[in-house]
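One structure is given below, encoded as structure tokens.
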Amino acid sequence: MARPKIALIGAGNIGGTLAHLAALKELGDVVLFDIADGLPQGKALDIAESGPVEKIDADMSGTSDYAGIAGADVCIVTAGVARKPGMSRDDLLGINLKVMKSVGEGIAAHAPDAFVICITNPLDAMVWALQKFSGLPAHKVCGMAGVLDSARFRHFLAEEFNVSMRDVTAFVLGGHGDTMVPSVRYSTVAGIPLPDLIEMGWTTQEKLDAMVQRTRDGGAEIVGLLKTGSAFYAPAASAIEMAEAYLKDQKRVLPCAAYCDGDLGVKDMYVGVPTVIGAGGIEKIVNIKLNKEEQEMFDVSVKAVQGLVDACKGIDGSLN
Ligand code: APR
């Protein structure tokens with residue numbers, strides 16, 4: 001049986017890291033696509049030359065022609081502009097919306113059966129626009145945010161408790177922006193919910209609140225440190241986890257930006273929700289019950305995403 005084909009649309013910091021991780025995990029053959037001449041070809045060749053050392057059996061190629069992604073099983077989209085210090089994810093909207101149009105058309109023409117994972121920011125609005133531009137079924141187009149935001153929260157929690165991050169689960173809902181909702185009730189250490197750990201004296205409410213806020217600001221913290229771009233190792237690792245769940249039909253329960261058609265009370269929008277990812281793409285949205293406080297925070301986040309979607313519609317009339 002032929003190896004799966006993974007197309008990476010955008011060969012910048014995240015795209016290159018995605019290619020490296022996909023190769024190291026031998027998820028399939030990888031094609032990098034970018035409009036920057038030589039960049040996808042150079043990164044593909046560089047990674048291919050690590051193959052004999054790492055013992056990787058996979059083809060790596062780079063292209064600036066959409067024909068090169070033909071028949072891809074998975075497309076991961078990072079094409080666009082990344083944040084610089086002082087910019088919010090929303091500042092990227094106008095530029096990246098145009099990029100989503102060309103990417104959507106390219107995928108529709110050459111890889112219409114792919115499972116598409118969008119990473120380009122502002123994420124929830126871009127994945128919504130990408131699905132519309134591509135015309136692919138909504139359950140085959142999703143956005144990577146929740147896995148990354150949850151990973152950041154898990155990292156902070158594991159450090160605070162001095163336990164293995166393997167035993168820390170966390171759950172972040174809502175839009176991938178300042179209004180995201182790290183769910184304290186549904187985050188655990190080995191099954192013990194965080195509120196119980198406060199009662200047990202493992203941490204305090206103040207410390208937990210600070211970790212929640214640090215999670216919300218996680219992207220900006222990295223941008224502030226790097227100064228020339230935004231995070232790429234953790235975003236790439238997170239998207240690879242989603243791609244692997246699809247390619248291996250793992251039925252993983254992962255938070256991601258999925259198309260909601262009434263789910264959690266959200267209509268015709270992409271927003272971060274718990275999902276099941278398997279060979280069918282987004283096979284299920286887990287309709288968890290939120291308490292009053294969580295619902296209020298979730299509503300604020302959904303409203304922020306709605307504002308970005310409306311802005312997209314204002315810029316490109318074909319999205320109405
Ligand atoms: N088609 C294909 N590639 C494009 C296009 C396009 N129309 N426009 C830009 N690109 C490419 C750029 O040439 C660049 O190589 O997208 C790549 C983006 O790479 P980086 O600038 O290194 O950005 P990166 O850190 O990878 O982040 C990409 O993901 O997390 C989000 O906010 C982030 O929106 C940004 C995206």
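By order in the structure tokens, chains are A, B, ...; within a chain, residues start at 1; ligands start at 1, following the order shown.
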
Skipping near chain neighbours, those fewer than 4 positions away, what residues fall within 6 Å of region 58-60 of chain A using only C-alpha atoms, listed as an MDAnalysis selection string?
chainID A and resid 28:31 44 48

So which bits of region 139-283 of chain A end up strand (DSSP E or B) when you DSSP the backbone, as a ChimeraX atom specification?
/A:141-143,168-169,172-174,181-182,188-189,192-193,252-261,267-278,281-283

Suppose we keep N, CA and C atoms; can you now write the selection as a JSON list (two decimals), in the first residue's frame?
```json
[["chain", "number", "residue", "atom", "x", "y", "z"],
["A", 141, "VAL", "N", -12.64, 19.73, 7.50],
["A", 141, "VAL", "CA", -11.84, 20.96, 7.66],
["A", 141, "VAL", "C", -11.91, 21.39, 9.12],
["A", 142, "CYS", "N", -10.76, 21.52, 9.76],
["A", 142, "CYS", "CA", -10.77, 21.94, 11.16],
["A", 142, "CYS", "C", -9.56, 22.83, 11.44],
["A", 143, "GLY", "N", -9.54, 23.39, 12.62],
["A", 143, "GLY", "CA", -8.45, 24.29, 12.98],
["A", 143, "GLY", "C", -7.71, 23.80, 14.22],
["A", 168, "VAL", "N", -1.26, 14.94, 33.41],
["A", 168, "VAL", "CA", -2.06, 16.17, 33.49],
["A", 168, "VAL", "C", -2.88, 16.29, 32.21],
["A", 169, "THR", "N", -4.19, 16.32, 32.36],
["A", 169, "THR", "CA", -5.04, 16.59, 31.20],
["A", 169, "THR", "C", -5.62, 17.98, 31.35],
["A", 172, "VAL", "N", -9.14, 23.29, 26.82],
["A", 172, "VAL", "CA", -9.36, 24.71, 26.55],
["A", 172, "VAL", "C", -10.39, 24.83, 25.43],
["A", 173, "LEU", "N", -11.40, 25.64, 25.69],
["A", 173, "LEU", "CA", -12.51, 25.81, 24.75],
["A", 173, "LEU", "C", -12.55, 27.22, 24.19],
["A", 174, "GLY", "N", -13.44, 27.43, 23.22],
["A", 174, "GLY", "CA", -13.70, 28.77, 22.71],
["A", 174, "GLY", "C", -12.73, 29.17, 21.62],
["A", 181, "VAL", "N", -11.23, 29.83, 26.77],
["A", 181, "VAL", "CA", -11.74, 29.40, 28.07],
["A", 181, "VAL", "C", -11.02, 28.14, 28.54],
["A", 182, "PRO", "N", -9.93, 28.28, 29.30],
["A", 182, "PRO", "CA", -9.32, 27.09, 29.89],
["A", 182, "PRO", "C", -10.26, 26.54, 30.96],
["A", 188, "THR", "N", -7.47, 17.88, 34.83],
["A", 188, "THR", "CA", -7.20, 16.98, 35.96],
["A", 188, "THR", "C", -5.73, 16.60, 36.08],
["A", 189, "VAL", "N", -5.38, 16.11, 37.26],
["A", 189, "VAL", "CA", -4.13, 15.37, 37.43],
["A", 189, "VAL", "C", -4.54, 13.94, 37.75],
["A", 192, "ILE", "N", -8.01, 13.64, 38.87],
["A", 192, "ILE", "CA", -8.47, 14.48, 39.99],
["A", 192, "ILE", "C", -8.67, 15.91, 39.47],
["A", 193, "PRO", "N", -9.91, 16.42, 39.48],
["A", 193, "PRO", "CA", -10.15, 17.76, 38.92],
["A", 193, "PRO", "C", -9.41, 18.85, 39.69],
["A", 252, "ARG", "N", -9.09, 9.91, 18.58],
["A", 252, "ARG", "CA", -8.62, 10.71, 19.71],
["A", 252, "ARG", "C", -9.66, 11.75, 20.10],
["A", 253, "VAL", "N", -9.76, 12.01, 21.38],
["A", 253, "VAL", "CA", -10.64, 13.08, 21.86],
["A", 253, "VAL", "C", -9.76, 14.31, 22.05],
["A", 254, "LEU", "N", -9.87, 15.25, 21.12],
["A", 254, "LEU", "CA", -8.98, 16.40, 21.12],
["A", 254, "LEU", "C", -9.79, 17.68, 20.94],
["A", 255, "PRO", "N", -9.43, 18.73, 21.67],
["A", 255, "PRO", "CA", -10.13, 19.99, 21.44],
["A", 255, "PRO", "C", -9.59, 20.64, 20.16],
["A", 256, "CYS", "N", -10.48, 21.01, 19.27],
["A", 256, "CYS", "CA", -10.02, 21.74, 18.08],
["A", 256, "CYS", "C", -11.12, 22.64, 17.56],
["A", 257, "ALA", "N", -10.76, 23.53, 16.66],
["A", 257, "ALA", "CA", -11.75, 24.42, 16.07],
["A", 257, "ALA", "C", -12.54, 23.62, 15.05],
["A", 258, "ALA", "N", -13.79, 23.33, 15.38],
["A", 258, "ALA", "CA", -14.63, 22.50, 14.52],
["A", 258, "ALA", "C", -15.89, 23.28, 14.15],
["A", 259, "TYR", "N", -16.46, 22.86, 13.02],
["A", 259, "TYR", "CA", -17.67, 23.54, 12.55],
["A", 259, "TYR", "C", -18.85, 23.16, 13.45],
["A", 260, "CYS", "N", -19.44, 24.17, 14.05],
["A", 260, "CYS", "CA", -20.57, 23.93, 14.95],
["A", 260, "CYS", "C", -21.86, 24.32, 14.25],
["A", 261, "ASP", "N", -22.77, 23.39, 14.22],
["A", 261, "ASP", "CA", -24.07, 23.64, 13.62],
["A", 261, "ASP", "C", -25.11, 23.40, 14.71],
["A", 267, "LYS", "N", -23.90, 28.34, 16.13],
["A", 267, "LYS", "CA", -24.48, 28.06, 14.81],
["A", 267, "LYS", "C", -23.59, 28.62, 13.70],
["A", 268, "ASP", "N", -23.30, 27.83, 12.68],
["A", 268, "ASP", "CA", -22.55, 28.21, 11.49],
["A", 268, "ASP", "C", -21.24, 28.95, 11.82],
["A", 269, "MET", "N", -20.47, 28.36, 12.70],
["A", 269, "MET", "CA", -19.20, 28.99, 13.08],
["A", 269, "MET", "C", -18.21, 27.92, 13.49],
["A", 270, "TYR", "N", -16.94, 28.25, 13.34],
["A", 270, "TYR", "CA", -15.89, 27.40, 13.89],
["A", 270, "TYR", "C", -15.46, 27.97, 15.23],
["A", 271, "VAL", "N", -15.40, 27.10, 16.21],
["A", 271, "VAL", "CA", -14.93, 27.53, 17.53],
["A", 271, "VAL", "C", -14.35, 26.30, 18.24],
["A", 272, "GLY", "N", -13.50, 26.53, 19.22],
["A", 272, "GLY", "CA", -12.84, 25.42, 19.90],
["A", 272, "GLY", "C", -13.79, 24.61, 20.76],
["A", 273, "VAL", "N", -13.92, 23.33, 20.42],
["A", 273, "VAL", "CA", -14.81, 22.42, 21.15],
["A", 273, "VAL", "C", -14.11, 21.05, 21.23],
["A", 274, "PRO", "N", -14.52, 20.22, 22.20],
["A", 274, "PRO", "CA", -13.94, 18.87, 22.23],
["A", 274, "PRO", "C", -14.48, 18.05, 21.06],
["A", 275, "THR", "N", -13.61, 17.32, 20.38],
["A", 275, "THR", "CA", -14.04, 16.53, 19.22],
["A", 275, "THR", "C", -13.44, 15.13, 19.28],
["A", 276, "VAL", "N", -13.97, 14.25, 18.45],
["A", 276, "VAL", "CA", -13.35, 12.95, 18.22],
["A", 276, "VAL", "C", -12.80, 12.97, 16.80],
["A", 277, "ILE", "N", -11.48, 12.73, 16.66],
["A", 277, "ILE", "CA", -10.85, 12.71, 15.33],
["A", 277, "ILE", "C", -10.44, 11.28, 14.98],
["A", 278, "GLY", "N", -10.97, 10.83, 13.84],
["A", 278, "GLY", "CA", -10.63, 9.50, 13.33],
["A", 278, "GLY", "C", -10.63, 9.55, 11.82],
["A", 281, "GLY", "N", -12.57, 12.08, 9.82],
["A", 281, "GLY", "CA", -12.31, 13.50, 10.07],
["A", 281, "GLY", "C", -12.81, 13.86, 11.46],
["A", 282, "ILE", "N", -13.55, 14.96, 11.54],
["A", 282, "ILE", "CA", -14.17, 15.30, 12.83],
["A", 282, "ILE", "C", -15.40, 14.41, 12.94],
["A", 283, "GLU", "N", -15.26, 13.32, 13.67],
["A", 283, "GLU", "CA", -16.34, 12.33, 13.69],
["A", 283, "GLU", "C", -17.44, 12.71, 14.66]]
```

What residues have any atom no more than 8 Å from ligand 1 when counting only C-alpha atoms and all ligand atoms, and can you list them as a PyMOL selection string?
chain A and resi 9-16+33-36+39+64+77-83+89+92+96+98-100+102-103+119-123+229-232+235

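CA of Leu27 (chain A) is positioned 17.3 Å from CA of Val53 (chain A).
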
I'd like to know which residues of region 149-249 of chain A are helix (DSSP H, G or I) (by DSSP, run on the backbone); could you write them as a PyMOL selection string?
chain A and resi 149-161+165-167+194-199+205-216+218-226+233-247
